[in-house]
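**Q** Hey, dropping input.tsv in here, TSV, C-alpha atoms:
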chain	number	residue	atom	x	y	z
A	207	MET	CA	-41.58	-15.37	-43.53
A	208	SER	CA	-40.08	-17.19	-40.61
A	209	SER	CA	-42.16	-17.50	-37.50
A	210	PRO	CA	-41.06	-15.44	-34.46
A	211	ASP	CA	-39.02	-17.10	-31.76
A	212	PRO	CA	-41.23	-18.89	-29.23
A	213	PRO	CA	-41.27	-17.33	-25.77
A	214	VAL	CA	-38.65	-18.72	-23.45
A	215	PRO	CA	-40.20	-20.35	-20.38
A	216	ARG	CA	-39.07	-18.72	-17.15
A	217	ARG	CA	-37.90	-21.08	-14.47
A	218	PRO	CA	-38.30	-19.95	-10.88
A	219	LEU	CA	-35.15	-19.17	-8.92
A	220	SER	CA	-34.23	-22.31	-7.07
A	221	ALA	CA	-31.64	-23.29	-4.51
A	222	PRO	CA	-27.99	-23.13	-5.56
A	223	GLN	CA	-26.75	-25.97	-7.71
A	224	GLN	CA	-23.31	-26.93	-8.89
A	225	GLN	CA	-22.77	-25.45	-12.34
A	226	ALA	CA	-19.79	-24.70	-14.48
A	227	PRO	CA	-18.37	-21.32	-13.51
A	228	LEU	CA	-18.73	-18.51	-15.99
A	229	ALA	CA	-15.61	-17.13	-17.63
A	230	LEU	CA	-15.73	-13.56	-16.36
A	231	PRO	CA	-13.04	-10.96	-16.97
A	232	ALA	CA	-10.93	-9.59	-14.16
A	233	GLU	CA	-11.88	-5.96	-13.57
A	234	VAL	CA	-11.51	-3.21	-11.04
A	235	VAL	CA	-14.80	-3.06	-9.12
A	236	THR	CA	-16.23	-0.31	-6.96
A	237	GLY	CA	-18.22	-1.01	-3.81
A	238	GLU	CA	-21.50	-0.94	-5.70
A	239	ALA	CA	-20.41	-3.59	-8.22
A	240	VAL	CA	-19.74	-1.08	-10.99
A	241	PRO	CA	-16.69	-2.19	-12.98
A	242	LEU	CA	-14.31	0.50	-14.04
A	243	GLU	CA	-14.27	0.20	-17.82
A	244	LEU	CA	-10.55	0.98	-17.91
A	245	ARG	CA	-8.16	-1.72	-18.92
A	246	PRO	CA	-4.58	-2.05	-17.70
A	247	ALA	CA	-2.18	-0.19	-19.95
A	248	SER	CA	-0.11	-2.17	-22.42
A	249	PHE	CA	3.65	-2.32	-22.03
A	250	ALA	CA	4.17	-0.37	-25.25
A	251	THR	CA	2.02	2.53	-24.04
A	252	ARG	CA	3.70	2.52	-20.66
A	253	GLY	CA	7.09	2.41	-22.32
A	254	LEU	CA	6.37	5.49	-24.43
A	255	GLY	CA	5.11	7.38	-21.39
A	256	GLN	CA	8.15	6.32	-19.36
A	257	ALA	CA	10.46	7.46	-22.17
A	258	LEU	CA	8.87	10.92	-22.07
A	259	ASP	CA	9.21	11.02	-18.28
A	260	LEU	CA	12.89	10.03	-18.51
A	261	THR	CA	13.44	12.77	-21.07
A	262	VAL	CA	11.93	15.32	-18.70
A	263	MET	CA	14.07	14.01	-15.86
A	264	ALA	CA	17.19	14.28	-18.03
A	265	VAL	CA	16.38	17.89	-18.93
A	266	VAL	CA	15.73	18.77	-15.29
A	267	GLY	CA	18.91	16.99	-14.27
A	268	LEU	CA	20.97	18.96	-16.77
A	269	GLY	CA	19.41	22.17	-15.51
A	270	VAL	CA	20.15	21.31	-11.90
A	271	GLY	CA	23.73	20.30	-12.78
A	272	TYR	CA	24.30	23.56	-14.60
A	273	ALA	CA	22.92	25.53	-11.65
A	274	LEU	CA	25.14	23.65	-9.18
A	275	SER	CA	28.22	24.37	-11.26
A	276	TRP	CA	27.83	28.01	-10.36
A	277	LEU	CA	27.90	27.40	-6.61
A	278	PRO	CA	31.07	29.00	-5.19
A	279	GLY	CA	33.35	27.84	-2.40
A	280	LEU	CA	32.66	24.08	-2.46
A	281	ASP	CA	35.49	21.62	-1.95
A	282	GLU	CA	35.57	18.23	-3.63
A	283	ALA	CA	33.73	16.35	-0.82
A	284	ALA	CA	31.00	18.97	-0.59
A	285	SER	CA	30.57	18.98	-4.36
A	286	ARG	CA	30.12	15.19	-4.37
A	287	ALA	CA	27.58	15.36	-1.53
A	288	VAL	CA	25.60	18.09	-3.26
A	289	GLY	CA	25.76	16.21	-6.54
A	290	LEU	CA	24.50	13.00	-4.90
A	291	LEU	CA	21.60	14.87	-3.30
A	292	ALA	CA	20.75	16.40	-6.66
A	293	VAL	CA	20.73	12.98	-8.36
A	294	VAL	CA	18.45	11.53	-5.67
A	295	ALA	CA	16.15	14.56	-5.89
A	296	VAL	CA	15.80	14.23	-9.65
A	297	ALA	CA	15.67	10.43	-9.91
A	298	VAL	CA	13.39	9.78	-6.91
A	299	GLY	CA	12.07	13.04	-5.50
A	300	LEU	CA	10.81	14.45	-8.79
A	301	PRO	CA	8.67	11.47	-9.95
A	302	VAL	CA	7.41	10.76	-6.42
A	303	THR	CA	6.35	14.36	-5.92
A	304	VAL	CA	4.65	14.59	-9.31
A	305	GLU	CA	2.73	11.32	-8.92
A	306	THR	CA	1.66	12.24	-5.38
A	307	LEU	CA	0.41	15.70	-6.27
A	308	THR	CA	-1.36	14.55	-9.46
A	309	ARG	CA	-2.75	11.33	-7.95
A	310	GLY	CA	-0.91	8.99	-10.29
A	311	ARG	CA	-0.17	11.08	-13.33
A	312	SER	CA	3.02	12.40	-14.86
A	313	LEU	CA	3.75	14.19	-18.11
A	314	GLY	CA	4.30	10.91	-19.94
A	315	LYS	CA	1.21	9.28	-18.46
A	316	LEU	CA	-0.87	12.36	-19.20
A	317	ALA	CA	0.25	12.25	-22.84
A	318	GLY	CA	-0.59	8.55	-23.09
A	319	GLY	CA	-3.91	8.77	-21.23
A	320	LEU	CA	-2.58	6.68	-18.33
A	321	ARG	CA	-2.87	6.85	-14.56
A	322	VAL	CA	-1.40	4.92	-11.65
A	323	VAL	CA	-4.11	3.60	-9.31
A	324	ARG	CA	-4.30	1.25	-6.36
A	325	ASP	CA	-5.36	-2.34	-6.92
A	326	ASP	CA	-8.87	-1.41	-5.78
A	327	GLY	CA	-9.06	1.41	-8.34
A	328	GLY	CA	-8.55	4.25	-5.85
A	329	PRO	CA	-6.03	7.09	-6.19
A	330	ILE	CA	-2.51	6.51	-4.97
A	331	ARG	CA	-0.92	8.31	-2.05
A	332	PHE	CA	2.61	9.30	-1.11
A	333	ARG	CA	3.59	5.84	0.17
A	334	HIS	CA	2.57	4.22	-3.12
A	335	ALA	CA	4.47	6.78	-5.17
A	336	LEU	CA	7.53	6.43	-2.91
A	337	VAL	CA	7.70	2.65	-3.27
A	338	ARG	CA	7.32	2.93	-7.05
A	339	GLY	CA	9.94	5.66	-7.23
A	340	LEU	CA	12.51	3.78	-5.16
A	341	LEU	CA	12.09	0.55	-7.14
A	342	ALA	CA	12.24	2.46	-10.42
A	343	VAL	CA	15.88	3.34	-9.68
A	344	VAL	CA	16.74	-0.37	-9.76
A	345	GLU	CA	14.38	-1.81	-12.36
A	346	ILE	CA	14.36	1.09	-14.83
A	347	LEU	CA	17.41	3.31	-14.38
A	348	ALA	CA	20.07	0.86	-13.15
A	349	THR	CA	19.07	-2.02	-15.44
A	350	LEU	CA	17.94	0.07	-18.43
A	351	GLY	CA	14.37	-1.14	-17.99
A	352	SER	CA	15.13	-4.85	-18.44
A	353	VAL	CA	13.79	-5.87	-15.02
A	354	ALA	CA	10.63	-3.80	-15.51
A	355	LEU	CA	10.17	-5.34	-18.96
A	356	ILE	CA	10.38	-8.92	-17.68
A	357	SER	CA	8.06	-8.23	-14.75
A	358	SER	CA	5.49	-6.46	-16.93
A	359	LEU	CA	5.42	-9.25	-19.49
A	360	LEU	CA	4.91	-11.90	-16.81
A	361	ASN	CA	2.13	-10.08	-14.93
A	362	PRO	CA	-1.47	-10.10	-16.30
A	363	LYS	CA	-1.88	-6.41	-15.45
A	364	GLY	CA	1.54	-5.41	-16.72
A	365	LYS	CA	2.87	-4.64	-13.25
A	366	ARG	CA	6.52	-3.97	-12.65
A	367	LEU	CA	8.17	-4.74	-9.31
A	368	GLY	CA	7.35	-1.32	-7.93
A	369	ASP	CA	3.67	-1.89	-8.67
A	370	LEU	CA	3.72	-5.32	-7.06
A	371	LEU	CA	5.20	-3.99	-3.82
A	372	ALA	CA	3.10	-0.82	-3.76
A	373	GLY	CA	-0.18	-2.55	-4.64
A	374	THR	CA	-0.75	-0.43	-7.76
A	375	PHE	CA	-1.03	-0.75	-11.52
A	376	VAL	CA	-1.22	1.56	-14.52
A	377	LEU	CA	-4.52	1.76	-16.38
A	378	ARG	CA	-5.80	3.52	-19.46
A	379	GLU	CA	-8.12	6.43	-18.78
A	380	ARG	CA	-9.18	6.73	-22.41
A	381	GLY	CA	-11.23	4.43	-24.59
A	382	GLY	CA	-13.42	2.85	-21.91
A	383	ALA	CA	-17.00	2.04	-22.76
A	384	THR	CA	-19.85	3.32	-20.60
A	385	LEU	CA	-22.35	0.82	-19.28
A	386	ALA	CA	-26.04	1.52	-19.38
A	387	PRO	CA	-27.51	2.59	-16.02
A	388	LEU	CA	-29.02	-0.05	-13.79
A	389	PRO	CA	-32.78	-0.62	-14.08
A	390	PRO	CA	-34.82	0.63	-11.11
A	391	MET	CA	-35.56	-1.58	-8.15
A	392	PRO	CA	-38.38	-4.04	-8.98
A	393	PRO	CA	-41.32	-2.94	-6.81
A	394	GLU	CA	-42.24	-6.48	-5.79
A	395	LEU	CA	-38.71	-7.04	-4.41
A	396	ALA	CA	-38.17	-3.70	-2.66
A	397	VAL	CA	-39.27	-4.84	0.80
A	398	TRP	CA	-37.40	-8.14	0.54
A	399	ALA	CA	-34.18	-6.44	-0.61
A	400	GLU	CA	-34.27	-3.90	2.22
A	401	GLN	CA	-34.56	-6.65	4.83
A	402	ALA	CA	-32.28	-9.24	3.21
A	403	ASP	CA	-28.73	-9.94	4.35
A	404	ILE	CA	-26.59	-9.38	1.23
A	405	ALA	CA	-22.96	-10.41	1.61
A	406	GLN	CA	-20.16	-8.94	-0.48
A	407	LEU	CA	-20.04	-10.58	-3.91
A	408	PRO	CA	-16.74	-11.79	-5.39
A	409	ASP	CA	-15.34	-9.22	-7.78
A	410	GLN	CA	-15.60	-11.38	-10.89
A	411	LEU	CA	-19.20	-12.33	-10.12
A	412	ALA	CA	-20.17	-8.70	-9.45
A	413	VAL	CA	-18.58	-7.68	-12.75
A	414	GLY	CA	-20.43	-10.41	-14.60
A	415	VAL	CA	-23.79	-9.35	-13.17
A	416	ARG	CA	-23.16	-5.67	-13.92
A	417	ARG	CA	-22.08	-6.41	-17.48
A	418	PHE	CA	-25.09	-8.63	-18.05
A	419	LEU	CA	-27.58	-6.06	-16.77
A	420	GLY	CA	-25.93	-3.32	-18.79
A	421	GLY	CA	-26.17	-5.22	-22.06
A	422	ALA	CA	-29.10	-7.59	-21.52
A	423	GLY	CA	-31.23	-5.76	-24.08
A	424	SER	CA	-28.90	-6.74	-26.91
A	425	LEU	CA	-28.92	-10.47	-26.12
A	426	HIS	CA	-31.07	-13.15	-27.73
A	427	PRO	CA	-34.00	-13.98	-25.42
A	428	ALA	CA	-32.85	-17.56	-24.89
A	429	SER	CA	-29.28	-16.55	-24.13
A	430	ARG	CA	-30.49	-13.72	-21.91
A	431	GLN	CA	-32.65	-16.05	-19.85
A	432	ARG	CA	-29.99	-18.74	-19.56
A	433	LEU	CA	-27.28	-16.29	-18.49
A	434	ALA	CA	-29.63	-14.64	-15.98
A	435	GLU	CA	-30.34	-18.03	-14.42
A	436	ASP	CA	-26.65	-18.94	-14.24
A	437	LEU	CA	-25.75	-15.65	-12.56
A	438	ALA	CA	-28.72	-15.74	-10.20
A	439	THR	CA	-27.79	-19.26	-9.09
A	440	GLN	CA	-24.36	-17.96	-8.09
A	441	VAL	CA	-25.58	-14.72	-6.48
A	442	VAL	CA	-28.27	-16.39	-4.36
A	443	ARG	CA	-25.50	-18.08	-2.34
A	444	PHE	CA	-24.62	-14.67	-0.90
A	445	VAL	CA	-28.17	-13.63	-0.04
A	446	ALA	CA	-30.30	-14.65	2.95
A	447	PRO	CA	-33.15	-15.27	2.89
A	448	PRO	CA	-33.58	-16.04	-0.82
A	449	PRO	CA	-36.38	-14.30	-2.72
A	450	ALA	CA	-39.84	-15.79	-3.01
A	451	ALA	CA	-40.31	-18.80	-5.25
A	452	GLY	CA	-41.06	-17.86	-8.83
A	453	THR	CA	-38.94	-14.68	-8.80
A	454	GLN	CA	-37.56	-13.93	-12.23
A	455	PRO	CA	-33.75	-14.29	-12.12
A	456	GLU	CA	-33.04	-11.04	-13.95
A	457	ARG	CA	-35.23	-9.00	-11.61
A	458	PHE	CA	-33.56	-10.69	-8.66
A	459	LEU	CA	-30.14	-9.58	-9.95
A	460	VAL	CA	-31.39	-6.01	-10.41
A	461	ALA	CA	-32.74	-5.97	-6.87
A	462	VAL	CA	-29.45	-7.21	-5.38
A	463	LEU	CA	-27.28	-4.66	-7.18
A	464	ASP	CA	-29.70	-1.80	-6.57
A	465	GLU	CA	-29.82	-2.59	-2.86
A	466	ARG	CA	-26.03	-2.90	-2.67
A	467	ARG	CA	-25.69	0.50	-4.29
A	468	ARG	CA	-28.23	2.05	-1.92
A	469	ARG	CA	-26.42	0.66	1.11
A	470	ASP	CA	-23.06	1.85	-0.17
A	471	TYR	CA	-24.42	5.36	-0.70
A	472	GLU	CA	-25.94	5.35	2.78
A	473	ARG	CA	-22.67	4.23	4.33
A	474	LEU	CA	-20.73	6.92	2.46
A	475	ARG	CA	-23.28	9.55	3.46
A	476	ARG	CA	-22.99	8.57	7.15
A	477	ARG	CA	-19.21	8.78	6.97
A	478	GLU	CA	-19.44	12.17	5.33
A	479	ASP	CA	-21.85	13.39	8.03
A	480	GLU	CA	-19.55	12.07	10.77
A	481	ARG	CA	-16.55	13.77	9.22
A	482	ALA	CA	-18.43	17.04	8.88
A	483	GLY	CA	-19.49	16.79	12.53
A	484	ARG	CA	-15.92	16.21	13.67
A	485	GLN	CA	-14.72	19.19	11.65
A	486	ALA	CA	-17.44	21.37	13.15
A	487	ARG	CA	-16.56	20.33	16.70
A	488	ARG	CA	-12.88	21.01	16.08
A	489	HIS	CA	-13.67	24.41	14.66
A	490	GLU	CA	-15.83	25.29	17.65
A	491	ALA	CA	-13.21	24.10	20.16
A	492	GLY	CA	-11.06	26.67	21.90
A	493	VAL	CA	-7.79	27.64	20.28
A	494	LEU	CA	-5.86	25.99	23.13
A	495	SER	CA	-7.77	22.70	22.83
A	496	PRO	CA	-5.79	19.71	21.44
A	497	ALA	CA	-8.54	19.15	18.88
A	498	ALA	CA	-8.74	22.77	17.75
A	499	THR	CA	-8.17	23.67	14.11
A	500	ARG	CA	-8.19	27.46	14.60
A	501	LEU	CA	-5.23	29.65	15.41
A	502	ILE	CA	-5.23	32.60	17.77
A	503	GLY	CA	-6.84	35.52	15.97
A	504	ASP	CA	-8.92	33.38	13.60
A	505	PRO	CA	-12.69	34.10	13.57
Step by step, read the file and then write its structure as structure tokens.
**A**
Amino acid sequence: MSSPDPPVPRRPLSAPQQQAPLALPAEVVTGEAVPLELRPASFATRGLGQALDLTVMAVVGLGVGYALSWLPGLDEAASRAVGLLAVVAVAVGLPVTVETLTRGRSLGKLAGGLRVVRDDGGPIRFRHALVRGLLAVVEILATLGSVALISSLLNPKGKRLGDLLAGTFVLRERGGATLAPLPPMPPELAVWAEQADIAQLPDQLAVGVRRFLGGAGSLHPASRQRLAEDLATQVVRFVAPPPAAGTQPERFLVAVLDERRRRDYERLRRREDERAGRQARRHEAGVLSPAATRLIGDP
């Protein structure tokens, strides 16, 4: 029988040193350093979804054209104006309205498990959908998709021109893996973490730390220790003051991410309380007040 692996000596967390950067994947990261395990959609998947959307638009367009043919008393100029408005409504108004109301979905995207999101992973709004809809007329309809194809193939996230200008991209909502929950705050670092100044981590570094902590249990002890030290050396640059000498790197990383999450939740809770307070004050204001939300006759 082979002897068990010798214990890996733990080196104390030291001052930052120049080391080779880790190759970390580009991900969408939330404020608490939790990567969204949703990868950008491939061009083939987007193409199939777009084909379904174009089919729906064609069917709606035929229905609208048939309905307009029954309008009486229109001369040639009026018929052209109404027809142009109908084309704009179907080609631009329909997809923009659908994506705005569904926060980035359409029938084709729903069938393919796709969604349009902002670059930070948040839901899109009307302005994003409008920019995408206007550019789609040029890069998809007018050029038969050739411009969108070239742009998507050249961009790492498969963005077309509309996505580049709107600050959005299409991601897959299905097939993402779920990371294990973060370990609890190490008791010996709780007081230090609460008082420490923790700056915002770069997205790629935050993703690397979160991935490491989520899968550390499956790593070889030597690799686990070495990776923890590499990540801790990078993270300590964004923390002041550093933890006490002799702190285990992995527990330091847990403390930083746990404290970041706690602060994010506190900030969101304060914003929610402030918003609720503003709504309550508006509701209590008189109906003639500029800030009132009630109408005359409302309770």
**Q** Which residues, written as a list in words, have at least one atom at most 7 Å from range 458-464 of chain A, with all atoms listed in the file counted and residues fewer than 2 positions away on the same chain left out?
**A**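 The neighbour list is Pro389, Met391, Pro392, Leu395, Ala399, Ala438, Thr453, Gln454, Pro455, Glu456, Arg466, Arg467 and Arg468 of chain A.
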**Q** Provide the CA of Val298 in chain A to CA of Phe375 in chain A distance in Å, to one decimal place.
**A** 18.4 Å
**Q** Which is closer to Gly319 in chain A than all the others in A:Ala405, A:Asp436, A:Arg245, A:Leu377, using all atoms listed in the file?
**A**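 Using all atoms listed in the file, the shortest distance to Gly319 in chain A belongs to A:Leu377.
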**Q** Just the number, please: distance in Å from CA of Arg443 in chain A to CA of His426 in chain A, one decimal.
**A**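 Value for the CA of Arg443 in chain A-CA of His426 in chain A distance: 26.5 Å.
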**Q** Between CA of Gly327 in chain A and CA of Lys363 in chain A, what is the distance in Å, rounded to a tenth?
**A** 12.8 Å
**Q** Pick out the closest residue to Leu370 in chain A from this set: A:Val288, A:Leu341, A:Leu474, A:Val262. Count only C-alpha atoms.
**A**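 Among the listed residues, A:Leu341 lies closest to Leu370 in chain A.
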**Q** With only C-alpha atoms as the atoms that count, which of A:Gly299, A:Pro278, A:Gly373, A:Pro449 lies nearest to Asp326 in chain A?
**A**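 That would be A:Gly373, the residue with the smallest distance to Asp326 in chain A.
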**Q** Reconstruct range 274-293 of chain A at the level of N, CA and C atoms, and format the result as a PDB file, keeping the file's coordinate frame.
**A**
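This went into part-v3.pdb:
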ATOM      1  N   LEU A 274      24.182  23.973 -10.243  1.00  0.00           N
ATOM      2  CA  LEU A 274      25.140  23.650  -9.180  1.00  0.00           C
ATOM      3  C   LEU A 274      26.560  24.001  -9.569  1.00  0.00           C
ATOM      4  N   SER A 275      26.861  24.017 -10.842  1.00  0.00           N
ATOM      5  CA  SER A 275      28.220  24.370 -11.260  1.00  0.00           C
ATOM      6  C   SER A 275      28.585  25.811 -10.947  1.00  0.00           C
ATOM      7  N   TRP A 276      27.576  26.609 -10.673  1.00  0.00           N
ATOM      8  CA  TRP A 276      27.830  28.010 -10.360  1.00  0.00           C
ATOM      9  C   TRP A 276      27.938  28.268  -8.857  1.00  0.00           C
ATOM     10  N   LEU A 277      27.767  27.210  -8.056  1.00  0.00           N
ATOM     11  CA  LEU A 277      27.900  27.400  -6.610  1.00  0.00           C
ATOM     12  C   LEU A 277      29.366  27.638  -6.251  1.00  0.00           C
ATOM     13  N   PRO A 278      29.661  28.711  -5.525  1.00  0.00           N
ATOM     14  CA  PRO A 278      31.070  29.000  -5.190  1.00  0.00           C
ATOM     15  C   PRO A 278      31.490  28.364  -3.868  1.00  0.00           C
ATOM     16  N   GLY A 279      32.779  28.208  -3.695  1.00  0.00           N
ATOM     17  CA  GLY A 279      33.350  27.840  -2.400  1.00  0.00           C
ATOM     18  C   GLY A 279      33.088  26.422  -1.949  1.00  0.00           C
ATOM     19  N   LEU A 280      32.879  25.471  -2.851  1.00  0.00           N
ATOM     20  CA  LEU A 280      32.660  24.080  -2.460  1.00  0.00           C
ATOM     21  C   LEU A 280      33.913  23.264  -2.745  1.00  0.00           C
ATOM     22  N   ASP A 281      34.346  22.512  -1.716  1.00  0.00           N
ATOM     23  CA  ASP A 281      35.490  21.620  -1.950  1.00  0.00           C
ATOM     24  C   ASP A 281      34.998  20.353  -2.648  1.00  0.00           C
ATOM     25  N   GLU A 282      35.920  19.430  -2.868  1.00  0.00           N
ATOM     26  CA  GLU A 282      35.570  18.230  -3.630  1.00  0.00           C
ATOM     27  C   GLU A 282      34.540  17.370  -2.910  1.00  0.00           C
ATOM     28  N   ALA A 283      34.672  17.178  -1.592  1.00  0.00           N
ATOM     29  CA  ALA A 283      33.730  16.350  -0.820  1.00  0.00           C
ATOM     30  C   ALA A 283      32.341  16.978  -0.816  1.00  0.00           C
ATOM     31  N   ALA A 284      32.300  18.296  -0.612  1.00  0.00           N
ATOM     32  CA  ALA A 284      31.000  18.970  -0.590  1.00  0.00           C
ATOM     33  C   ALA A 284      30.343  18.910  -1.966  1.00  0.00           C
ATOM     34  N   SER A 285      31.135  19.041  -3.015  1.00  0.00           N
ATOM     35  CA  SER A 285      30.570  18.980  -4.360  1.00  0.00           C
ATOM     36  C   SER A 285      29.974  17.597  -4.635  1.00  0.00           C
ATOM     37  N   ARG A 286      30.656  16.532  -4.171  1.00  0.00           N
ATOM     38  CA  ARG A 286      30.120  15.190  -4.370  1.00  0.00           C
ATOM     39  C   ARG A 286      28.827  14.985  -3.581  1.00  0.00           C
ATOM     40  N   ALA A 287      28.791  15.505  -2.351  1.00  0.00           N
ATOM     41  CA  ALA A 287      27.580  15.360  -1.530  1.00  0.00           C
ATOM     42  C   ALA A 287      26.406  16.101  -2.160  1.00  0.00           C
ATOM     43  N   VAL A 288      26.667  17.321  -2.631  1.00  0.00           N
ATOM     44  CA  VAL A 288      25.600  18.090  -3.260  1.00  0.00           C
ATOM     45  C   VAL A 288      25.145  17.417  -4.554  1.00  0.00           C
ATOM     46  N   GLY A 289      26.101  16.894  -5.300  1.00  0.00           N
ATOM     47  CA  GLY A 289      25.760  16.210  -6.540  1.00  0.00           C
ATOM     48  C   GLY A 289      24.924  14.964  -6.288  1.00  0.00           C
ATOM     49  N   LEU A 290      25.270  14.201  -5.221  1.00  0.00           N
ATOM     50  CA  LEU A 290      24.500  13.000  -4.900  1.00  0.00           C
ATOM     51  C   LEU A 290      23.077  13.377  -4.491  1.00  0.00           C
ATOM     52  N   LEU A 291      22.932  14.426  -3.690  1.00  0.00           N
ATOM     53  CA  LEU A 291      21.600  14.870  -3.300  1.00  0.00           C
ATOM     54  C   LEU A 291      20.781  15.309  -4.521  1.00  0.00           C
ATOM     55  N   ALA A 292      21.454  15.957  -5.460  1.00  0.00           N
ATOM     56  CA  ALA A 292      20.750  16.400  -6.660  1.00  0.00           C
ATOM     57  C   ALA A 292      20.279  15.212  -7.492  1.00  0.00           C
ATOM     58  N   VAL A 293      21.121  14.177  -7.604  1.00  0.00           N
ATOM     59  CA  VAL A 293      20.730  12.980  -8.360  1.00  0.00           C
ATOM     60  C   VAL A 293      19.531  12.295  -7.712  1.00  0.00           C
TER      61      VAL A 293
END
